[in-house]
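A.B. asks: Sharing a structure here in structure tokens format.
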2 protein chains.
Amino acid sequence: MVVELISVGTEILLGNIVNTNAAYLAEQCASLGLSCYYQGVVGDNAERLQGTLQTALERSDIVILGGGLGPTQDDLTKEVTARVLGLKLVEDAHSRERIREYLETRGFTVTENNWKQALAPEGAVVIDNENGTAPGLIIEKGDKRVILLPGPPNEMRPMFEKSIYPYLNELQPGVIYSKTVKVCGVGESVAETMIKDLIAAQDNPTIATYAKTGEVHLRVTAKAENEKEARKLVKPMVKELKGRFGNSIYTTDTEVTLEKSVIDLLAANHLTVSTAESCTGGLVSARLINVPGASEVFKAGYVSYSNKTKRKLIGVKRSSLEKYGAVSSVVAKEMAKGAAMLSKADVTVSVTGIAGPDGGSEEKPVGLVYIGCQVCGKSAVKEYHFKGNRNKIREASVSAALSLMRECILQYCSSVMFSE
Amino acid sequence: MVVELISVGTEILLGNIVNTNAAYLAEQCASLGLSCYYQGVVGDNAERLQGTLQTALERSDIVILGGGLGPTQDDLTKEVTARVLGLKLVEDAHSRERIREYLETRGFTVTENNWKQALAPEGAVVIDNENGTAPGLIIEKGDKRVILLPGPPNEMRPMFEKSIYPYLNELQPGVIYSKTVKVCGVGESVAETMIKDLIAAQDNPTIATYAKTGEVHLRVTAKAENEKEARKLVKPMVKELKGRFGNSIYTTDTEVTLEKSVIDLLAANHLTVSTAESCTGGLVSARLINVPGASEVFKAGYVSYSNKTKRKLIGVKRSSLEKYGAVSSVVAKEMAKGAAMLSKADVTVSVTGIAGPDGGSEEKPVGLVYIGCQVCGKSAVKEYHFKGNRNKIREASVSAALSLMRECILQYCSSVMFSE
């Protein structure tokens, strides 16, 4: 089956935002085995949207429209789609109730234009939006299907995963099954070299690599008549990858993030954790605490950005700061040690670095980061050189901190390995 | 004049890469005052590319094609464009020489297919590629213009800036000028309702609203013969918006983020800041510290997730935790007070809430967040009800914390208002 993606929004035509939704949806559709020959972007204009949708319906089986479901006068996607398909818009009582509840519990006043979001074309399947007020819609007309999704990625993605992916999967003959092997602490090109032969020989299953900050995800996908057969094809390849990447694999579970694998590892070993951060400013603790249940293992987070706070808050020695500077292996070690002393946590991690754009020197350039980790009294410090802007350097530092924690726990005091 | 963008590449249709080129080109074209009504993506397929280009030429004055200029058989953009325009491809001696030189000085062997890149449609203007082997092309046919650019951003962007931007600028009468008014602490629907009459009556300048987490951006855009005239059209509308949104406007500078406006406000008033976070886990401190120069005003960040840490780390009373619970107005106030006592910061902000998915009750549902702010001894606590997943609740809490800090500083101890 052929799918076509249409993104609706003047902000995309003006270049105000990068169209990450299209990339996400394209990747998902490809993983479902759907062919995609065209993507389009059109503004919040009824006539042009109508023409674009008509053309798409002539040449594709499924059209996915994203954006333009908001409460404002600019938002036209639903109205135009109903017109093109010859359907009336009617109020969906369930959506109206959800919108009222969503806004009222947030303390927002419900304004008249909000009710526009409760309208749906006759006969459409309404998909609840867990993260906003615009419901998604699935409309079937003859052998064509039109799917309408909200524009904000944090609303669209969960909705797609929960409701649209299973719907599209049902339409397809055969079953696609894939498993993702997540690797941390190994660069993309190294990972690719390690599986060059597997990629060259791939057929069914296929292997695709996806580089994330500080991680590489290897997706093994097989197509077969039923899920059992597809799983059978995927299994030996996953085993082969486990043999090659060993401990660098932190999970093969799509839902498990690097931070969750660290929290799980801590919990399984009955260890507690604290953080001491400088340039990352709290991002390491925030990622750890983003894992539901982190309160069982997380003790305290300290953010010490200035030299004075490094001394006063977590006991870095004045002499170390003077002799080696705040961005140094010695200070990283003292930060991890200080956090352990103060909070009595079993595991502590520290980050100190130069995230730029200013503050770099020839000797200590922007991107130089030291990460320290103390585990059950033993400690390790690693030096990193990250590229990119301030944000990229900070994100790379957070991932590296999580990887290093994992490595140190496994090395120094783990009695429990990761489980699937 | 109307421009249309076509990106050529199967890797975009498969979602392997995000189409950042389209966003870049769209923004550049908008800044040139060109109208863009459509963007398209098509794969490396001659027939579909031909159809897409023909449609674009029927409805737009200028078509910019990106990608598909490489040396392989898959690369078809030039060939298809020449066919659609009825032009022969001929070898460009200058390009042939540049390609040879480019490859040889880098130690690459020139292979036969490289010469394909030296071909150009008859009469085309060839644009040198400073960072690769594929030259760009400008082709004029009747009143239509087709511009071909290489796909890799590091080749395309310098080429666009140096040669294509000036070319397009010459074609245009008049200029576009816009100014963005950034509002915090006001929902999108409320903001839209507040300016409904302005939007209904808009002509030149126009007003567009963009919703961000905890913020709404209002962009005022005017078109005129020159920048001075365009500025003159924008100015009274910005003044009108300032009158309506007052202190909720934190900047009219595109580059200034909410966190930067808070840091600037602190610095202008010679105030220091510390944070005490529970459910946001360090995200408030991380956003503040992401502002270059934040070290001048940021004192310390405390992350106290468990009840025990709230007591031990920042001195929340055991009795308060027992009587009111960790997620309460009283505890938020004590967290802000404790952070002030410990760090001696002038301004402290605290966040305690239930980010979910677990931990909610009927009395205290997921999404309930208390944010406290203490400024020069005076304190305020606000109760919020955020919806969405864990991440969205955390992000909304961070934005609300920044807005509340701004509000409290302005109310309690600011001698300096925001400046532009």
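Each chain of the structure tokens is named A, B, ... in the order shown, its residues numbered from 1; ligands are numbered from 1 in display order.
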Mind listing as a PyMOL selection string which residues of chain B are within 6 Å of chain A, counting only C-alpha atoms?

C.D. replies: chain B and resi 13-15+18+20+23+26-27+30+38-42+281-283+285-286+289+295+300-304+306+385-386+388

A.B. asks: Given identical sequences, what C-alpha RMSD separates chain A from chain B after least-squares superposition over all Cα in order?

C.D. replies: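 Computed on C-alpha atoms only, the RMSD stands at 5.8 Å.
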
A.B. asks: Quick one: everything within 9 Å of Ala396 (chain A), counting only C-alpha atoms, minus sequence neighbours fewer than 4 positions away in the same chain. Send it as a list of chain:residue names.

C.D. replies: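 My list of contacting residues is A:Thr213, A:Gly214, A:Phe386, A:Lys387, A:Asn391, A:Lys392, A:Ala400, A:Ala401.
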
A.B. asks: Could you please write out, as an MDAnalysis selection string, every residue of region 83-324 of chain B that DSSP assigns to strand (DSSP E)?

C.D. replies: chainID B and resid 89:91 119:121 125:127 136:141 144:149 175:184 206:212 215:224 249:251 273:277 298:304

A.B. asks: Using the selection just defined, write its residues with C-alpha atoms as a JSON list (two decimals), in the first residue's frame.

C.D. replies:
```json
[["chain", "number", "residue", "atom", "x", "y", "z"],
["B", 89, "LEU", "CA", 22.85, 18.75, -21.43],
["B", 90, "VAL", "CA", 26.31, 19.87, -22.44],
["B", 91, "GLU", "CA", 29.64, 19.57, -20.67],
["B", 119, "LEU", "CA", 27.12, 18.44, -17.40],
["B", 120, "ALA", "CA", 24.78, 21.44, -17.43],
["B", 121, "PRO", "CA", 21.62, 22.33, -19.36],
["B", 125, "VAL", "CA", 24.44, 29.67, -15.07],
["B", 126, "VAL", "CA", 26.86, 27.32, -13.32],
["B", 127, "ILE", "CA", 27.51, 28.05, -9.63],
["B", 136, "GLY", "CA", 24.70, 24.47, -8.54],
["B", 137, "LEU", "CA", 22.67, 25.67, -11.53],
["B", 138, "ILE", "CA", 20.37, 28.58, -12.31],
["B", 139, "ILE", "CA", 18.22, 28.08, -15.40],
["B", 140, "GLU", "CA", 15.93, 30.78, -16.81],
["B", 141, "LYS", "CA", 13.25, 29.75, -19.28],
["B", 144, "LYS", "CA", 10.24, 30.77, -14.97],
["B", 145, "ARG", "CA", 13.41, 30.09, -13.00],
["B", 146, "VAL", "CA", 14.70, 26.73, -11.85],
["B", 147, "ILE", "CA", 17.53, 26.53, -9.33],
["B", 148, "LEU", "CA", 19.36, 23.27, -8.66],
["B", 149, "LEU", "CA", 21.34, 22.88, -5.43],
["B", 175, "VAL", "CA", 11.20, 43.76, 1.41],
["B", 176, "ILE", "CA", 9.63, 41.78, 4.25],
["B", 177, "TYR", "CA", 10.28, 42.75, 7.88],
["B", 178, "SER", "CA", 8.95, 41.00, 10.96],
["B", 179, "LYS", "CA", 9.14, 41.29, 14.71],
["B", 180, "THR", "CA", 8.22, 38.62, 17.25],
["B", 181, "VAL", "CA", 6.51, 39.55, 20.50],
["B", 182, "LYS", "CA", 7.04, 36.77, 23.07],
["B", 183, "VAL", "CA", 4.44, 36.30, 25.79],
["B", 184, "CYS", "CA", 4.69, 34.00, 28.82],
["B", 206, "THR", "CA", -0.10, 40.46, 9.41],
["B", 207, "ILE", "CA", -0.12, 38.77, 12.84],
["B", 208, "ALA", "CA", 0.55, 35.06, 13.38],
["B", 209, "THR", "CA", 0.48, 33.22, 16.72],
["B", 210, "TYR", "CA", 2.81, 30.34, 17.61],
["B", 211, "ALA", "CA", 2.21, 28.25, 20.75],
["B", 212, "LYS", "CA", 5.26, 27.04, 22.70],
["B", 215, "GLU", "CA", 4.61, 30.68, 25.93],
["B", 216, "VAL", "CA", 2.89, 32.24, 22.93],
["B", 217, "HIS", "CA", 4.86, 34.05, 20.24],
["B", 218, "LEU", "CA", 3.11, 36.69, 18.15],
["B", 219, "ARG", "CA", 4.81, 37.51, 14.89],
["B", 220, "VAL", "CA", 4.04, 40.78, 13.18],
["B", 221, "THR", "CA", 5.13, 40.87, 9.52],
["B", 222, "ALA", "CA", 4.97, 43.74, 7.05],
["B", 223, "LYS", "CA", 5.87, 44.11, 3.40],
["B", 224, "ALA", "CA", 7.02, 47.42, 1.95],
["B", 249, "ILE", "CA", 5.67, 40.18, 27.22],
["B", 250, "TYR", "CA", 9.18, 39.14, 28.14],
["B", 251, "THR", "CA", 10.93, 40.20, 24.96],
["B", 273, "VAL", "CA", 19.34, 32.84, 42.12],
["B", 274, "SER", "CA", 19.14, 29.27, 43.45],
["B", 275, "THR", "CA", 16.75, 26.43, 42.73],
["B", 276, "ALA", "CA", 15.18, 23.62, 44.75],
["B", 277, "GLU", "CA", 13.55, 21.00, 42.58],
["B", 298, "PHE", "CA", 23.36, 31.36, 39.49],
["B", 299, "LYS", "CA", 24.37, 30.28, 42.99],
["B", 300, "ALA", "CA", 23.28, 26.69, 43.64],
["B", 301, "GLY", "CA", 20.84, 24.05, 42.51],
["B", 302, "TYR", "CA", 19.37, 21.43, 44.82],
["B", 303, "VAL", "CA", 17.51, 18.37, 43.61],
["B", 304, "SER", "CA", 15.55, 16.77, 46.43]]
```

A.B. asks: May I ask which of the residues A:Cys376, A:Val351, A:Ala200, A:Leu321 is the closest one to Ile393 (chain A), counting only C-alpha atoms?

C.D. replies: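 Nearest to Ile393 (chain A): A:Val351.
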
A.B. asks: Do you know which residues are at most 9 Å from Pro173 (chain B) counting only C-alpha atoms, after dropping those on the same chain fewer than 2 positions away, and could you put them as a PDB file with all heavy atoms, in the first residue's frame?

C.D. replies:
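Output below, filename out20.pdb:
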```
ATOM      1  N   MET B   1       6.801  37.485  -5.878  1.00  0.00           N
ATOM      2  CA  MET B   1       7.076  36.257  -6.656  1.00  0.00           C
ATOM      3  C   MET B   1       6.895  35.037  -5.770  1.00  0.00           C
ATOM      4  O   MET B   1       7.105  35.091  -4.581  1.00  0.00           O
ATOM      5  CB  MET B   1       8.519  36.289  -7.161  1.00  0.00           C
ATOM      6  CG  MET B   1       8.732  37.294  -8.263  1.00  0.00           C
ATOM      7  SD  MET B   1      10.440  37.252  -8.827  1.00  0.00           S
ATOM      8  CE  MET B   1      10.260  36.509 -10.430  1.00  0.00           C
ATOM      9  N   GLY B  33      11.305  37.889   1.108  1.00  0.00           N
ATOM     10  CA  GLY B  33       9.997  38.371   0.708  1.00  0.00           C
ATOM     11  C   GLY B  33       9.340  37.525  -0.367  1.00  0.00           C
ATOM     12  O   GLY B  33       8.333  37.920  -0.951  1.00  0.00           O
ATOM     13  N   ASN B 169      17.471  38.096  -4.503  1.00  0.00           N
ATOM     14  CA  ASN B 169      17.216  39.438  -3.972  1.00  0.00           C
ATOM     15  C   ASN B 169      17.042  40.440  -5.109  1.00  0.00           C
ATOM     16  O   ASN B 169      16.209  41.342  -5.032  1.00  0.00           O
ATOM     17  CB  ASN B 169      18.369  39.856  -3.047  1.00  0.00           C
ATOM     18  CG  ASN B 169      17.918  40.888  -2.020  1.00  0.00           C
ATOM     19  OD1 ASN B 169      16.717  41.157  -1.865  1.00  0.00           O
ATOM     20  ND2 ASN B 169      18.866  41.475  -1.327  1.00  0.00           N
ATOM     21  N   GLU B 170      17.822  40.250  -6.159  1.00  0.00           N
ATOM     22  CA  GLU B 170      17.756  41.135  -7.333  1.00  0.00           C
ATOM     23  C   GLU B 170      16.402  41.053  -8.025  1.00  0.00           C
ATOM     24  O   GLU B 170      15.941  42.031  -8.622  1.00  0.00           O
ATOM     25  CB  GLU B 170      18.836  40.710  -8.346  1.00  0.00           C
ATOM     26  CG  GLU B 170      20.244  41.153  -7.995  1.00  0.00           C
ATOM     27  CD  GLU B 170      20.407  42.651  -8.173  1.00  0.00           C
ATOM     28  OE1 GLU B 170      20.146  43.133  -9.284  1.00  0.00           O
ATOM     29  OE2 GLU B 170      20.781  43.331  -7.192  1.00  0.00           O
ATOM     30  N   LEU B 171      15.782  39.889  -7.950  1.00  0.00           N
ATOM     31  CA  LEU B 171      14.512  39.676  -8.664  1.00  0.00           C
ATOM     32  C   LEU B 171      13.325  40.354  -8.003  1.00  0.00           C
ATOM     33  O   LEU B 171      12.291  40.569  -8.614  1.00  0.00           O
ATOM     34  CB  LEU B 171      14.184  38.175  -8.741  1.00  0.00           C
ATOM     35  CG  LEU B 171      15.160  37.233  -9.437  1.00  0.00           C
ATOM     36  CD1 LEU B 171      14.651  35.798  -9.331  1.00  0.00           C
ATOM     37  CD2 LEU B 171      15.334  37.628 -10.905  1.00  0.00           C
ATOM     38  N   VAL B 175      10.624  44.624   0.377  1.00  0.00           N
ATOM     39  CA  VAL B 175      11.200  43.757   1.409  1.00  0.00           C
ATOM     40  C   VAL B 175      10.148  43.367   2.448  1.00  0.00           C
ATOM     41  O   VAL B 175       9.126  44.018   2.595  1.00  0.00           O
ATOM     42  CB  VAL B 175      12.378  44.435   2.161  1.00  0.00           C
ATOM     43  CG1 VAL B 175      13.568  44.623   1.286  1.00  0.00           C
ATOM     44  CG2 VAL B 175      11.919  45.732   2.787  1.00  0.00           C
ATOM     45  N   ALA B 224       6.980  46.049   2.447  1.00  0.00           N
ATOM     46  CA  ALA B 224       7.017  47.421   1.946  1.00  0.00           C
ATOM     47  C   ALA B 224       8.143  47.572   0.927  1.00  0.00           C
ATOM     48  O   ALA B 224       8.868  46.622   0.646  1.00  0.00           O
ATOM     49  CB  ALA B 224       7.222  48.398   3.111  1.00  0.00           C
ATOM     50  N   GLU B 225       8.264  48.782   0.411  1.00  0.00           N
ATOM     51  CA  GLU B 225       9.280  49.006  -0.622  1.00  0.00           C
ATOM     52  C   GLU B 225      10.690  48.853  -0.096  1.00  0.00           C
ATOM     53  O   GLU B 225      11.584  48.402  -0.793  1.00  0.00           O
ATOM     54  CB  GLU B 225       9.105  50.404  -1.218  1.00  0.00           C
ATOM     55  CG  GLU B 225       8.354  50.370  -2.525  1.00  0.00           C
ATOM     56  CD  GLU B 225       8.323  51.730  -3.185  1.00  0.00           C
ATOM     57  OE1 GLU B 225       9.303  52.498  -3.055  1.00  0.00           O
ATOM     58  OE2 GLU B 225       7.301  52.026  -3.832  1.00  0.00           O
ATOM     59  N   ASN B 226      10.887  49.274   1.156  1.00  0.00           N
ATOM     60  CA  ASN B 226      12.215  49.126   1.754  1.00  0.00           C
ATOM     61  C   ASN B 226      12.060  48.812   3.238  1.00  0.00           C
ATOM     62  O   ASN B 226      10.950  48.879   3.781  1.00  0.00           O
ATOM     63  CB  ASN B 226      13.053  50.405   1.541  1.00  0.00           C
ATOM     64  CG  ASN B 226      12.302  51.630   2.038  1.00  0.00           C
ATOM     65  OD1 ASN B 226      11.899  51.674   3.205  1.00  0.00           O
ATOM     66  ND2 ASN B 226      12.121  52.606   1.170  1.00  0.00           N
TER      67      ASN B 226
END
```

A.B. asks: Using DSSP secondary structure from the backbone, list all alpha helix (DSSP H) positions within region 40-250 of chain B, as an MDAnalysis selection string.

C.D. replies: chainID B and resid 46:59 77:85 93:105 153:159 165:171 188:194 196:200 227:245
